[in-house]
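Chemist: Data: model_21.txt, compact mmCIF, C-alpha atoms.
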# COMPACT_ATOMS: atom_id res chain seq x y z
CA MET X 1321 152.51 58.38 192.17
CA GLY X 1322 155.92 58.51 193.77
CA PHE X 1323 157.60 59.04 190.43
CA VAL X 1324 155.81 62.37 189.87
CA SER X 1325 157.15 63.92 193.05
CA ALA X 1326 160.57 62.38 192.33
CA ALA X 1327 160.58 63.99 188.86
CA VAL X 1328 159.42 67.33 190.27
CA ALA X 1329 162.21 67.23 192.84
CA TRP X 1330 164.69 66.40 190.08
CA PHE X 1331 163.57 69.37 188.00
CA ALA X 1332 163.66 71.63 191.07
CA ASP X 1333 167.28 70.75 191.84
CA ALA X 1334 169.41 73.64 190.52
CA ALA X 1335 172.41 71.32 190.15
CA ASN X 1336 170.64 69.54 187.29
CA TRP X 1337 170.44 72.75 185.28
CA SER X 1338 174.10 73.65 184.94
CA GLY X 1339 177.40 72.29 183.71
CA PRO X 1340 178.31 69.79 181.00
CA GLY X 1341 175.77 67.23 182.20
CA GLY X 1342 173.01 69.76 182.83
CA ILE X 1343 169.59 69.84 181.23
CA PRO X 1344 170.32 72.75 178.83
CA GLN X 1345 173.40 71.09 177.39
CA ARG X 1346 171.78 67.63 177.07
CA LEU X 1347 168.80 69.27 175.38
CA LEU X 1348 171.09 71.09 172.95
CA GLU X 1349 172.97 67.87 172.12
CA HIS X 1350 169.69 66.09 171.51
CA VAL X 1351 168.33 68.86 169.27
CA LEU X 1352 171.58 69.05 167.30
CA VAL X 1353 171.76 65.31 166.59
CA SER X 1354 168.05 65.03 165.74
CA GLY X 1355 168.15 68.16 163.58
CA LEU X 1356 171.31 67.14 161.74
CA ALA X 1357 169.89 63.68 161.01
CA MET X 1358 166.58 65.11 159.80
CA ILE X 1359 168.29 67.66 157.51
CA ILE X 1360 170.49 64.99 155.91
CA ALA X 1361 167.60 62.52 155.61
CA LEU X 1362 165.40 65.18 154.00
CA ALA X 1363 168.13 66.24 151.57
CA ILE X 1364 168.63 62.68 150.35
CA VAL X 1365 165.23 61.04 150.61
CA LEU X 1366 162.68 63.79 149.94
CA PRO X 1367 163.78 64.52 146.33
CA LEU X 1368 163.94 60.77 145.69
CA GLY X 1369 160.40 60.18 146.95
CA LEU X 1370 158.99 63.16 145.04
CA TRP X 1371 160.73 62.08 141.86
CA ILE X 1372 159.54 58.47 142.11
CA GLY X 1373 156.01 59.76 142.70
CA HIS X 1374 156.25 62.15 139.77
CA ARG X 1375 157.49 59.48 137.36
CA ARG X 1376 154.97 57.03 138.84
CA ARG X 1377 157.65 54.42 138.46
CA GLY X 1378 159.88 52.57 140.90
CA ALA X 1379 157.21 52.31 143.59
CA ALA X 1380 158.28 48.74 144.36
CA VAL X 1381 161.84 49.97 144.89
CA ALA X 1382 160.68 52.74 147.23
CA VAL X 1383 158.46 50.45 149.28
CA GLY X 1384 161.15 47.76 149.36
CA LEU X 1385 163.83 50.22 150.51
CA ALA X 1386 161.51 51.62 153.18
CA GLY X 1387 160.70 48.11 154.42
CA LEU X 1388 164.38 47.26 154.58
CA GLY X 1389 165.12 50.43 156.53
CA ARG X 1390 162.35 49.60 158.98
CA ALA X 1391 163.63 46.07 159.49
CA VAL X 1392 166.98 47.25 160.85
CA PRO X 1393 166.79 47.60 164.64
CA THR X 1394 168.23 51.00 165.59
CA LEU X 1395 170.39 49.49 168.32
CA ALA X 1396 171.87 47.11 165.73
CA ALA X 1397 172.42 49.96 163.25
CA ILE X 1398 174.43 51.95 165.79
CA ALA X 1399 176.36 48.84 166.88
CA ILE X 1400 177.38 48.10 163.28
CA VAL X 1401 178.35 51.66 162.35
CA LEU X 1402 180.26 52.42 165.55
CA PRO X 1403 183.26 50.12 165.05
CA ILE X 1404 183.64 51.37 161.47
CA THR X 1405 183.46 55.13 162.07
CA ALA X 1406 185.43 54.87 165.32
CA ALA X 1407 188.32 53.41 163.34
CA TYR X 1408 188.45 56.56 161.19
CA ASP X 1409 187.73 59.22 163.79
CA PRO X 1410 188.17 58.18 167.42
CA GLN X 1411 186.40 61.35 168.59
CA LEU X 1412 183.27 62.07 166.52
CA GLY X 1413 183.29 58.65 164.86
CA PHE X 1414 182.90 57.14 168.25
CA LYS X 1415 179.91 59.04 169.55
CA LEU X 1416 178.32 61.38 167.02
CA TYR X 1417 178.42 59.69 163.59
CA PRO X 1418 176.88 56.32 164.53
CA VAL X 1419 173.88 57.97 166.17
CA VAL X 1420 173.34 60.44 163.31
CA LEU X 1421 173.61 57.66 160.70
CA ALA X 1422 171.17 55.43 162.59
CA MET X 1423 168.71 58.33 162.91
CA ILE X 1424 168.96 59.01 159.15
CA LEU X 1425 168.10 55.35 158.54
CA LEU X 1426 165.14 55.66 160.91
CA ALA X 1427 163.83 58.91 159.38
CA ALA X 1428 164.16 57.84 155.75
CA PRO X 1429 161.28 55.32 155.40
CA PRO X 1430 158.36 57.55 156.52
CA ILE X 1431 159.71 60.54 154.54
CA LEU X 1432 160.17 58.42 151.42
CA VAL X 1433 156.84 56.60 151.57
CA ASN X 1434 154.81 59.73 152.31
CA ALA X 1435 156.55 61.84 149.65
CA TYR X 1436 155.88 59.14 147.08
CA THR X 1437 152.30 58.47 148.22
CA GLY X 1438 151.42 62.16 148.39
CA ILE X 1439 152.48 62.81 144.80
CA VAL X 1440 150.93 59.62 143.39
CA GLU X 1441 147.57 60.41 144.99
CA VAL X 1442 147.28 63.77 143.21
CA ASP X 1443 144.32 63.71 140.80
CA PRO X 1444 145.72 62.58 137.40
CA ASP X 1445 143.27 64.89 135.61
CA LEU X 1446 144.97 67.91 137.20
CA VAL X 1447 148.39 66.67 136.13
CA GLU X 1448 147.05 66.10 132.63
CA ALA X 1449 145.56 69.61 132.57
CA ALA X 1450 148.86 71.12 133.72
CA ARG X 1451 150.71 69.31 130.94
CA GLY X 1452 148.06 70.47 128.47
CA MET X 1453 148.80 74.04 129.52
CA GLY X 1454 152.38 73.44 128.42
CA MET X 1455 154.06 72.94 131.79
CA THR X 1456 157.31 70.97 131.79
CA GLY X 1457 157.83 67.99 134.08
CA PRO X 1458 159.60 69.97 136.84
CA GLN X 1459 156.93 72.70 136.62
CA VAL X 1460 154.13 70.14 137.01
CA LEU X 1461 155.92 68.70 140.04
CA GLY X 1462 156.70 72.05 141.64
CA ARG X 1463 153.51 73.98 140.89
CA VAL X 1464 150.78 71.33 140.84
CA GLU X 1465 151.79 68.03 142.40
CA LEU X 1466 153.90 69.22 145.31
CA PRO X 1467 151.48 71.88 146.62
CA LEU X 1468 148.62 69.38 146.55
CA ALA X 1469 150.72 66.62 148.11
CA LEU X 1470 152.15 68.85 150.82
CA PRO X 1471 149.93 67.73 153.73
CA VAL X 1472 150.88 64.07 153.17
CA VAL X 1473 154.54 64.93 152.58
CA ILE X 1474 154.77 66.99 155.77
CA GLY X 1475 152.86 64.25 157.62
CA GLY X 1476 155.74 61.89 156.85
CA ILE X 1477 158.27 64.46 158.05
CA ARG X 1478 156.31 64.92 161.30
CA SER X 1479 156.18 61.22 162.00
CA ALA X 1480 159.91 60.88 161.24
CA THR X 1481 160.80 63.81 163.50
CA VAL X 1482 158.90 62.46 166.49
CA GLN X 1483 160.50 59.04 166.07
CA VAL X 1484 164.00 60.45 165.70
CA ILE X 1485 163.63 62.55 168.87
CA ALA X 1486 162.35 59.54 170.85
CA THR X 1487 164.92 57.11 169.43
CA ALA X 1488 168.01 59.35 169.64
CA THR X 1489 167.90 58.41 173.35
CA LEU X 1490 169.40 55.04 172.34
CA GLY X 1491 172.65 56.81 171.48
CA SER X 1492 173.29 57.17 175.20
CA ILE X 1493 173.66 53.39 175.51
CA PHE X 1494 176.81 53.86 173.42
CA GLY X 1495 178.06 56.85 175.40
CA PHE X 1496 176.57 59.68 173.38
CA GLY X 1497 175.10 62.61 175.36
CA GLY X 1498 171.63 63.92 174.68
CA LEU X 1499 168.54 63.43 176.79
CA GLY X 1500 168.93 59.63 176.79
CA ARG X 1501 171.82 60.18 179.21
CA PHE X 1502 169.25 60.92 181.95
CA LEU X 1503 167.46 57.63 181.20
CA ILE X 1504 170.66 55.54 181.19
CA ASP X 1505 172.13 57.20 184.28
CA GLY X 1506 168.76 57.04 186.02
CA ILE X 1507 168.50 53.32 185.34
CA ALA X 1508 172.09 52.73 186.50
CA ASN X 1509 171.58 54.73 189.72
CA HIS X 1510 167.98 53.59 190.37
CA ASP X 1511 167.07 57.29 190.31
CA THR X 1512 163.35 57.41 189.49
CA GLY X 1513 163.28 61.21 189.41
CA GLN X 1514 166.01 61.35 186.80
CA ILE X 1515 164.36 58.68 184.62
CA PHE X 1516 160.97 60.41 184.62
CA GLY X 1517 162.57 63.84 184.30
CA GLY X 1518 164.31 62.55 181.16
CA VAL X 1519 161.04 61.11 179.84
CA VAL X 1520 159.28 64.46 180.35
CA LEU X 1521 162.07 66.30 178.52
CA VAL X 1522 162.03 63.91 175.54
CA ALA X 1523 158.23 64.06 175.33
CA ALA X 1524 158.24 67.86 175.60
CA LEU X 1525 160.83 68.17 172.83
CA ALA X 1526 158.83 65.80 170.60
CA LEU X 1527 155.63 67.77 171.26
CA VAL X 1528 157.31 71.12 170.48
CA ALA X 1529 158.73 69.75 167.21
CA GLU X 1530 155.37 68.21 166.32
CA ALA X 1531 153.53 71.47 167.04
CA GLY X 1532 156.08 73.44 165.00
CA LEU X 1533 155.67 71.18 161.98
CA ALA X 1534 151.87 71.20 162.35
CA GLY X 1535 152.04 75.01 162.29
CA LEU X 1536 154.25 74.89 159.20
CA GLN X 1537 151.76 72.55 157.58
CA ARG X 1538 148.90 75.00 158.25
CA VAL X 1539 150.90 77.92 156.83
CA LEU X 1540 151.97 76.05 153.69
CA ALA X 1541 148.70 74.27 152.99
CA PRO X 1542 146.07 76.43 154.69
CA ALA X 1543 142.97 75.24 152.90
CA ARG X 1544 143.43 71.64 153.85
CA GLY X 1545 144.38 71.90 157.51
CA GLY X 1546 146.39 69.35 159.43
CA MET V 1462 186.62 40.77 163.72
CA ASP V 1463 187.63 37.97 166.03
CA TRP V 1464 186.21 34.90 164.29
CA GLY V 1465 187.67 32.57 166.89
CA TRP V 1466 185.65 34.33 169.59
CA ILE V 1467 182.49 33.91 167.54
CA LEU V 1468 183.16 30.18 167.02
CA ASP V 1469 183.59 29.84 170.78
CA HIS V 1470 180.22 31.45 171.39
CA LEU V 1471 177.97 29.67 168.91
CA ASP V 1472 175.94 28.05 171.69
CA ASP V 1473 175.40 31.51 173.21
CA LEU V 1474 174.25 32.69 169.79
CA ALA V 1475 171.71 29.87 169.60
CA PHE V 1476 170.48 30.58 173.13
CA ARG V 1477 170.12 34.32 172.52
CA THR V 1478 168.34 33.75 169.20
CA ALA V 1479 165.84 31.45 170.92
CA GLN V 1480 165.38 34.01 173.70
CA HIS V 1481 164.84 36.74 171.11
CA LEU V 1482 162.14 34.72 169.36
CA TYR V 1483 160.49 33.79 172.65
CA LEU V 1484 160.35 37.38 173.96
CA THR V 1485 159.05 38.54 170.57
CA ALA V 1486 156.43 35.79 170.28
CA ILE V 1487 154.88 36.50 173.71
CA ALA V 1488 154.48 40.20 172.92
CA LEU V 1489 153.09 39.54 169.45
CA ALA V 1490 150.57 36.95 170.66
CA ILE V 1491 149.23 38.85 173.68
CA GLY V 1492 149.34 42.14 171.77
CA LEU V 1493 147.33 40.59 168.95
CA ALA V 1494 144.68 39.21 171.31
CA ILE V 1495 144.18 42.54 173.10
CA SER V 1496 144.35 44.57 169.86
CA PHE V 1497 141.81 42.29 168.24
CA ALA V 1498 139.35 42.98 171.05
CA LEU V 1499 140.08 46.73 170.85
CA ALA V 1500 139.68 46.71 167.06
CA LEU V 1501 136.35 44.86 167.24
CA LEU V 1502 135.18 47.41 169.77
CA ALA V 1503 136.25 50.24 167.43
CA VAL V 1504 134.55 48.63 164.43
CA ARG V 1505 131.30 48.16 166.38
CA ARG V 1506 131.35 51.65 167.92
CA ARG V 1507 133.07 54.00 165.54
CA SER V 1508 133.28 56.83 168.07
CA LEU V 1509 135.71 54.71 170.11
CA TYR V 1510 138.23 54.43 167.27
CA PRO V 1511 139.86 57.90 167.51
CA PRO V 1512 140.58 57.67 171.26
CA ILE V 1513 141.90 54.08 170.96
CA ALA V 1514 144.12 54.89 167.99
CA GLY V 1515 145.19 58.18 169.56
CA LEU V 1516 146.25 56.59 172.84
CA ALA V 1517 148.07 53.81 171.02
CA SER V 1518 150.07 56.29 168.95
CA ILE V 1519 150.94 58.41 172.00
CA VAL V 1520 152.34 55.29 173.71
CA PHE V 1521 154.34 54.62 170.56
CA THR V 1522 156.21 57.93 170.90
CA ILE V 1523 157.49 57.17 174.43
CA PRO V 1524 161.17 56.19 174.15
CA SER V 1525 161.42 52.44 174.73
CA LEU V 1526 164.38 52.89 177.03
CA ALA V 1527 162.17 55.06 179.27
CA LEU V 1528 159.23 52.68 179.22
CA PHE V 1529 161.38 49.68 180.17
CA ALA V 1530 162.97 51.72 182.94
CA ALA V 1531 159.58 52.92 184.17
CA PHE V 1532 158.29 49.36 184.49
CA VAL V 1533 161.29 48.39 186.63
CA SER V 1534 159.83 50.60 189.34
CA ILE V 1535 156.40 48.94 188.93
CA THR V 1536 157.03 45.26 188.24
CA GLY V 1537 160.61 44.90 189.48
CA ILE V 1538 162.78 42.83 187.13
CA SER V 1539 160.50 40.14 185.75
CA VAL V 1540 159.56 38.99 182.30
CA TRP V 1541 156.66 41.49 182.41
CA THR V 1542 159.06 44.40 182.78
CA ALA V 1543 160.03 43.67 179.21
CA GLU V 1544 156.75 42.28 177.93
CA ILE V 1545 154.28 44.97 179.04
CA PRO V 1546 156.04 47.77 177.11
CA LEU V 1547 156.56 45.44 174.13
CA ILE V 1548 152.83 44.61 174.14
CA LEU V 1549 151.83 48.28 174.49
CA TYR V 1550 153.97 49.19 171.47
CA THR V 1551 152.24 46.62 169.23
CA PHE V 1552 148.78 48.19 169.68
CA VAL V 1553 149.26 51.08 167.26
CA MET V 1554 150.31 48.76 164.44
CA TYR V 1555 147.80 45.99 165.13
CA VAL V 1556 144.66 48.05 165.82
CA ARG V 1557 144.97 50.22 162.71
CA ASN V 1558 145.53 47.26 160.44
CA ILE V 1559 142.79 45.11 161.94
CA VAL V 1560 140.27 47.95 161.69
CA ALA V 1561 141.43 48.65 158.12
CA GLY V 1562 141.04 44.93 157.41
CA PHE V 1563 137.42 44.84 158.54
CA ASP V 1564 136.74 48.12 156.73
CA SER V 1565 138.05 46.54 153.52
CA VAL V 1566 135.17 44.03 153.47
CA PRO V 1567 132.78 45.22 150.75
CA PRO V 1568 129.29 46.08 152.09
CA GLU V 1569 127.63 43.87 149.47
CA VAL V 1570 129.53 40.88 150.84
CA ARG V 1571 128.13 41.63 154.29
CA GLU V 1572 124.64 41.96 152.84
CA ALA V 1573 124.96 38.68 150.97
CA ALA V 1574 126.02 36.97 154.21
CA ASP V 1575 123.05 38.48 156.02
CA GLY V 1576 120.78 37.32 153.20
CA MET V 1577 122.13 33.79 153.52
CA GLY V 1578 121.09 33.81 157.15
CA TYR V 1579 124.47 34.25 158.87
CA GLY V 1580 124.22 35.51 162.42
CA ARG V 1581 126.41 38.43 163.46
CA LEU V 1582 129.09 36.25 165.04
CA ALA V 1583 129.11 33.69 162.24
CA ARG V 1584 129.37 36.48 159.67
CA LEU V 1585 132.29 38.01 161.57
CA TRP V 1586 134.13 34.73 161.97
CA ARG V 1587 133.50 33.02 158.62
CA ILE V 1588 133.09 35.92 156.20
CA GLU V 1589 134.68 39.12 157.45
CA LEU V 1590 137.73 37.69 159.23
CA PRO V 1591 139.06 35.71 156.24
CA LEU V 1592 138.68 38.80 154.03
CA ALA V 1593 140.51 40.93 156.61
CA VAL V 1594 143.42 38.49 156.89
CA PRO V 1595 145.74 40.14 154.31
CA LEU V 1596 145.69 43.48 156.15
CA ILE V 1597 145.87 41.80 159.56
CA ILE V 1598 148.99 39.92 158.47
CA ALA V 1599 150.42 43.16 157.11
CA GLY V 1600 149.93 44.48 160.66
CA ILE V 1601 151.60 41.41 162.18
CA ARG V 1602 154.56 41.92 159.84
CA VAL V 1603 155.10 45.52 160.92
CA ALA V 1604 154.56 44.61 164.58
CA ALA V 1605 156.96 41.64 164.32
CA VAL V 1606 159.76 43.64 162.73
CA SER V 1607 159.29 46.46 165.23
CA THR V 1608 159.15 44.10 168.22
CA ILE V 1609 162.30 42.26 167.13
CA GLY V 1610 164.04 45.64 167.15
CA LEU V 1611 162.62 46.59 170.54
CA VAL V 1612 163.60 43.26 172.12
CA THR V 1613 167.26 44.16 171.52
CA ILE V 1614 166.76 47.16 173.84
CA THR V 1615 165.45 44.99 176.70
CA GLY V 1616 169.11 44.02 177.18
CA ILE V 1617 169.24 47.12 179.40
CA LEU V 1618 167.28 45.05 181.96
CA GLY V 1619 170.10 42.55 182.47
CA ASP V 1620 171.33 39.20 181.21
CA ARG V 1621 167.92 37.49 181.32
CA PHE V 1622 166.73 39.79 178.58
CA GLY V 1623 167.72 41.35 175.28
CA GLY V 1624 167.89 38.28 173.07
CA LEU V 1625 170.59 39.03 170.50
CA GLY V 1626 170.68 42.62 171.75
CA PHE V 1627 172.30 41.35 174.93
CA PHE V 1628 175.55 40.84 172.98
CA ILE V 1629 175.48 44.56 172.10
CA PHE V 1630 175.14 45.60 175.76
CA GLU V 1631 177.76 43.09 176.91
CA GLY V 1632 180.07 44.14 174.07
CA ILE V 1633 179.82 47.79 175.17
CA ALA V 1634 180.47 46.80 178.79
CA ARG V 1635 183.61 44.96 177.65
CA GLY V 1636 185.05 48.22 176.36
CA TYR V 1637 183.28 48.39 172.99
CA PHE V 1638 184.32 44.90 171.90
CA ALA V 1639 183.34 45.16 168.23
CA THR V 1640 183.12 41.41 167.56
CA GLU V 1641 180.52 40.86 170.23
CA MET V 1642 178.54 43.99 169.28
CA LEU V 1643 178.39 42.72 165.69
CA LEU V 1644 177.42 39.24 166.88
CA GLY V 1645 174.33 40.89 168.34
CA ALA V 1646 173.65 43.41 165.59
CA VAL V 1647 173.97 41.41 162.37
CA PRO V 1648 171.91 38.35 163.43
CA SER V 1649 169.14 40.60 164.82
CA ILE V 1650 168.77 42.26 161.40
CA VAL V 1651 168.80 38.84 159.70
CA LEU V 1652 166.17 37.62 162.18
CA ALA V 1653 163.89 40.59 161.42
CA LEU V 1654 164.18 40.02 157.66
CA LEU V 1655 163.60 36.25 157.96
CA VAL V 1656 160.53 36.63 160.17
CA ASP V 1657 159.12 39.26 157.82
CA ARG V 1658 159.69 36.90 154.87
CA ALA V 1659 158.09 33.99 156.74
CA LEU V 1660 154.97 36.07 157.41
CA VAL V 1661 154.69 36.95 153.70
CA LEU V 1662 154.75 33.24 152.88
CA LEU V 1663 152.20 32.53 155.61
CA GLN V 1664 149.88 35.16 154.19
CA ARG V 1665 150.13 33.66 150.70
CA ARG V 1666 149.29 30.27 152.16
CA LEU V 1667 146.30 31.56 154.10
CA THR V 1668 144.85 33.80 151.41
CA PRO V 1669 145.91 32.49 148.00
CA TRP V 1670 143.17 34.61 146.38
CA ALA V 1671 144.54 37.93 147.65
CA HIS V 1672 147.30 40.14 146.34
CA PRO V 1673 150.35 40.02 148.57
CA ALA V 1674 150.03 42.68 151.29
CA ARG V 1675 152.53 45.46 150.84
CA PRO V 1676 154.47 46.69 153.85
CA GLY V 1677 153.55 50.20 152.65
CA SER V 1678 149.88 49.53 153.40
CA ALA V 1679 150.69 49.59 157.09
CA PRO V 1680 150.52 53.17 158.33
CA GLU V 1681 153.12 53.51 161.06
CA PRO V 1682 156.83 52.85 160.72
CA ALA V 1683 158.68 50.67 163.17
CA ALA V 1684 159.80 52.09 166.49
CA ALA V 1685 162.93 51.67 168.49
Now, as a test, write the supplied structure out as structure tokens.
Modeler:
Amino acid sequence: MGFVSAAVAWFADAANWSGPGGIPQRLLEHVLVSGLAMIIALAIVLPLGLWIGHRRRGAAVAVGLAGLGRAVPTLAAIAIVLPITAAYDPQLGFKLYPVVLAMILLAAPPILVNAYTGIVEVDPDLVEAARGMGMTGPQVLGRVELPLALPVVIGGIRSATVQVIATATLGSIFGFGGLGRFLIDGIANHDTGQIFGGVVLVAALALVAEAGLAGLQRVLAPARGG
Amino acid sequence: MDWGWILDHLDDLAFRTAQHLYLTAIALAIGLAISFALALLAVRRRSLYPPIAGLASIVFTIPSLALFAAFVSITGISVWTAEIPLILYTFVMYVRNIVAGFDSVPPEVREAADGMGYGRLARLWRIELPLAVPLIIAGIRVAAVSTIGLVTITGILGDRFGGLGFFIFEGIARGYFATEMLLGAVPSIVLALLVDRALVLLQRRLTPWAHPARPGSAPEPAAA
């Protein structure tokens, strides 16, 4: 278990906690990129999935799009976007945009599929009853379908978040900061402590995000649990 | 884009494509064999399913870069440094789909088989397995697409690895040489789509009576 003591020693070294390459800054970079990608993915894909579910039409398109998104290797996505965005903006287009775009592509399929599935699986009798009470389409979606579908919808967001946090480490292959930097530098320097320290940080961040969303799920849909 | 450079490297492209398929095929085959055993265990003893599925999905959340790096310190640089993580990642997709496949066999079919005098093993092999094939192939599709993506990342382990992904790593090392990065990226996407398509056709061949399995029926999205 040499790697455990190596990782402990790495965490104990005060030099790893300060400066531009320190743990706090790498953590912040990682959170910012993951958060930005999730916000953009949610803004685009969540309404689309809910709407397709509500109309109960276009399922083939949703599933096809999700499958296509899943087929694109993240490394390939970054490698394709980088030369394009770098040509427009040598600073952010070089490091930030490709990673964020690739993470949006990664987050979109689970959000889309779960949003759609959650709404479609709502008992049609309830939807019928809501319409019978005179609710309009948006009211049915907002007051009946969405609250009932919420556990499934948030489940998709949870799964997307965990994957984005784990996969944003690939950005470091292309020179982006974030927690992946510790993995790449650790591999280059054969520094076991740094590699496992980085792994622990990524896992901890994923667990914190997962626990936060699980808590949100309990607050928003208390009767049904996680 | 430097088309001349690409034309000069077509034999490299063929070699890396073959390497990509070879690294993917090993992981898919061994992963399927182990997952099949795990899934049968979970189907027989239901209480084992949550821990098996839980462990598999925890492994799935470990960044691949980290897992490949971790195995360097265990196995050195050998083909297993790449293959063991690749195999571990397939479990979550395979096990769930294989278990779902066996669960999809209607109980009355099982009873009919019992009534006809099938033994347990014969029933499993000749009745339940064929009926589970559509969902199992759906699992192979998700695992194949995910593994093709993950193989690109094994390029971090050096020039004996990475398949098409090796071009991406080498392109970065050459000062972000866009042509070479794209020579790795675009064919790896095409490869994933072609393999996925081929598995759909295979499934239709094997189970002409079934509806085509939807990728959406597989629970977990692909990793990276």
Chemist: For CA of Thr1542 in chain V and CA of Ile1507 in chain X, quote the distance in Å rounded to one decimal.
Modeler: 13.2 Å
Chemist: Find the distance between CA of Gly1562 in chain V and CA of Gln1664 in chain V and write it in Å to one decimal.
Modeler: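 Distance reported for this atom pair: 13.6 Å.
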Chemist: Env of range 1606-1611 of chain V: 8 Å cut, atoms = only C-alpha atoms, seq-sep filter 6 positions within chain, self excluded. Answer as a PyMOL selection string.
Modeler: (chain X and resi 1390-1395) or (chain V and resi 1481-1482+1485+1488-1489+1525+1547+1550-1551+1649+1652-1654+1656-1657+1683-1685)
Chemist: Need the neighbours of (168.4, 49.3, 178.5): which residues are at most 9 Å away, counting only C-alpha atoms, as a PyMOL selection string?
Modeler: (chain X and resi 1490+1493+1503-1504+1507) or (chain V and resi 1525-1527+1529-1530+1613-1619+1623+1630)
Chemist: If you keep C-alpha atoms, can you produce a file of those selected residues as a CSV table (one decimal), in the frame of the given file?
Modeler:
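Below is the file out-v3.csv, written as the result:
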chain,number,residue,atom,x,y,z
X,1490,LEU,CA,169.4,55.0,172.3
X,1493,ILE,CA,173.7,53.4,175.5
X,1503,LEU,CA,167.5,57.6,181.2
X,1504,ILE,CA,170.7,55.5,181.2
X,1507,ILE,CA,168.5,53.3,185.3
V,1525,SER,CA,161.4,52.4,174.7
V,1526,LEU,CA,164.4,52.9,177.0
V,1527,ALA,CA,162.2,55.1,179.3
V,1529,PHE,CA,161.4,49.7,180.2
V,1530,ALA,CA,163.0,51.7,182.9
V,1613,THR,CA,167.3,44.2,171.5
V,1614,ILE,CA,166.8,47.2,173.8
V,1615,THR,CA,165.4,45.0,176.7
V,1616,GLY,CA,169.1,44.0,177.2
V,1617,ILE,CA,169.2,47.1,179.4
V,1618,LEU,CA,167.3,45.0,182.0
V,1619,GLY,CA,170.1,42.6,182.5
V,1623,GLY,CA,167.7,41.4,175.3
V,1630,PHE,CA,175.1,45.6,175.8
Chemist: For chain X, list the residues within 9 Å of chain V, counting all atoms listed in the file, and write the list as a ChimeraX atom specification.
Modeler: /X:1323,1383-1384,1386-1388,1390-1400,1402-1403,1426,1429-1430,1433,1479-1480,1482-1483,1485-1490,1493-1494,1500,1503-1504,1506-1507,1510,1512,1515-1516,1518-1519,1522-1523,1526
Chemist: Nearest to Ala1517 in chain V: which of V:Thr1536, V:Ser1496, V:Ser1565, V:Gln1480 is it, counting all atoms listed in the file?
Modeler: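 Closest to Ala1517 in chain V of all the choices is V:Ser1496.
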Chemist: Would you compute the distance between CA of Ile1360 in chain X and CA of Gln1537 in chain X? Give it in Å to one decimal.
Modeler: 20.3 Å
Chemist: So which residues touch Gly1600 in chain V within 6 Å, counting all atoms listed in the file, skipping near sequence neighbours fewer than 2 positions away, as a list in words?
Modeler: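 Near Gly1600 in chain V, the qualifying residues are Met1554, Tyr1555, Asn1558, Ile1597, Ile1598, Arg1602 and Val1603 of chain V.
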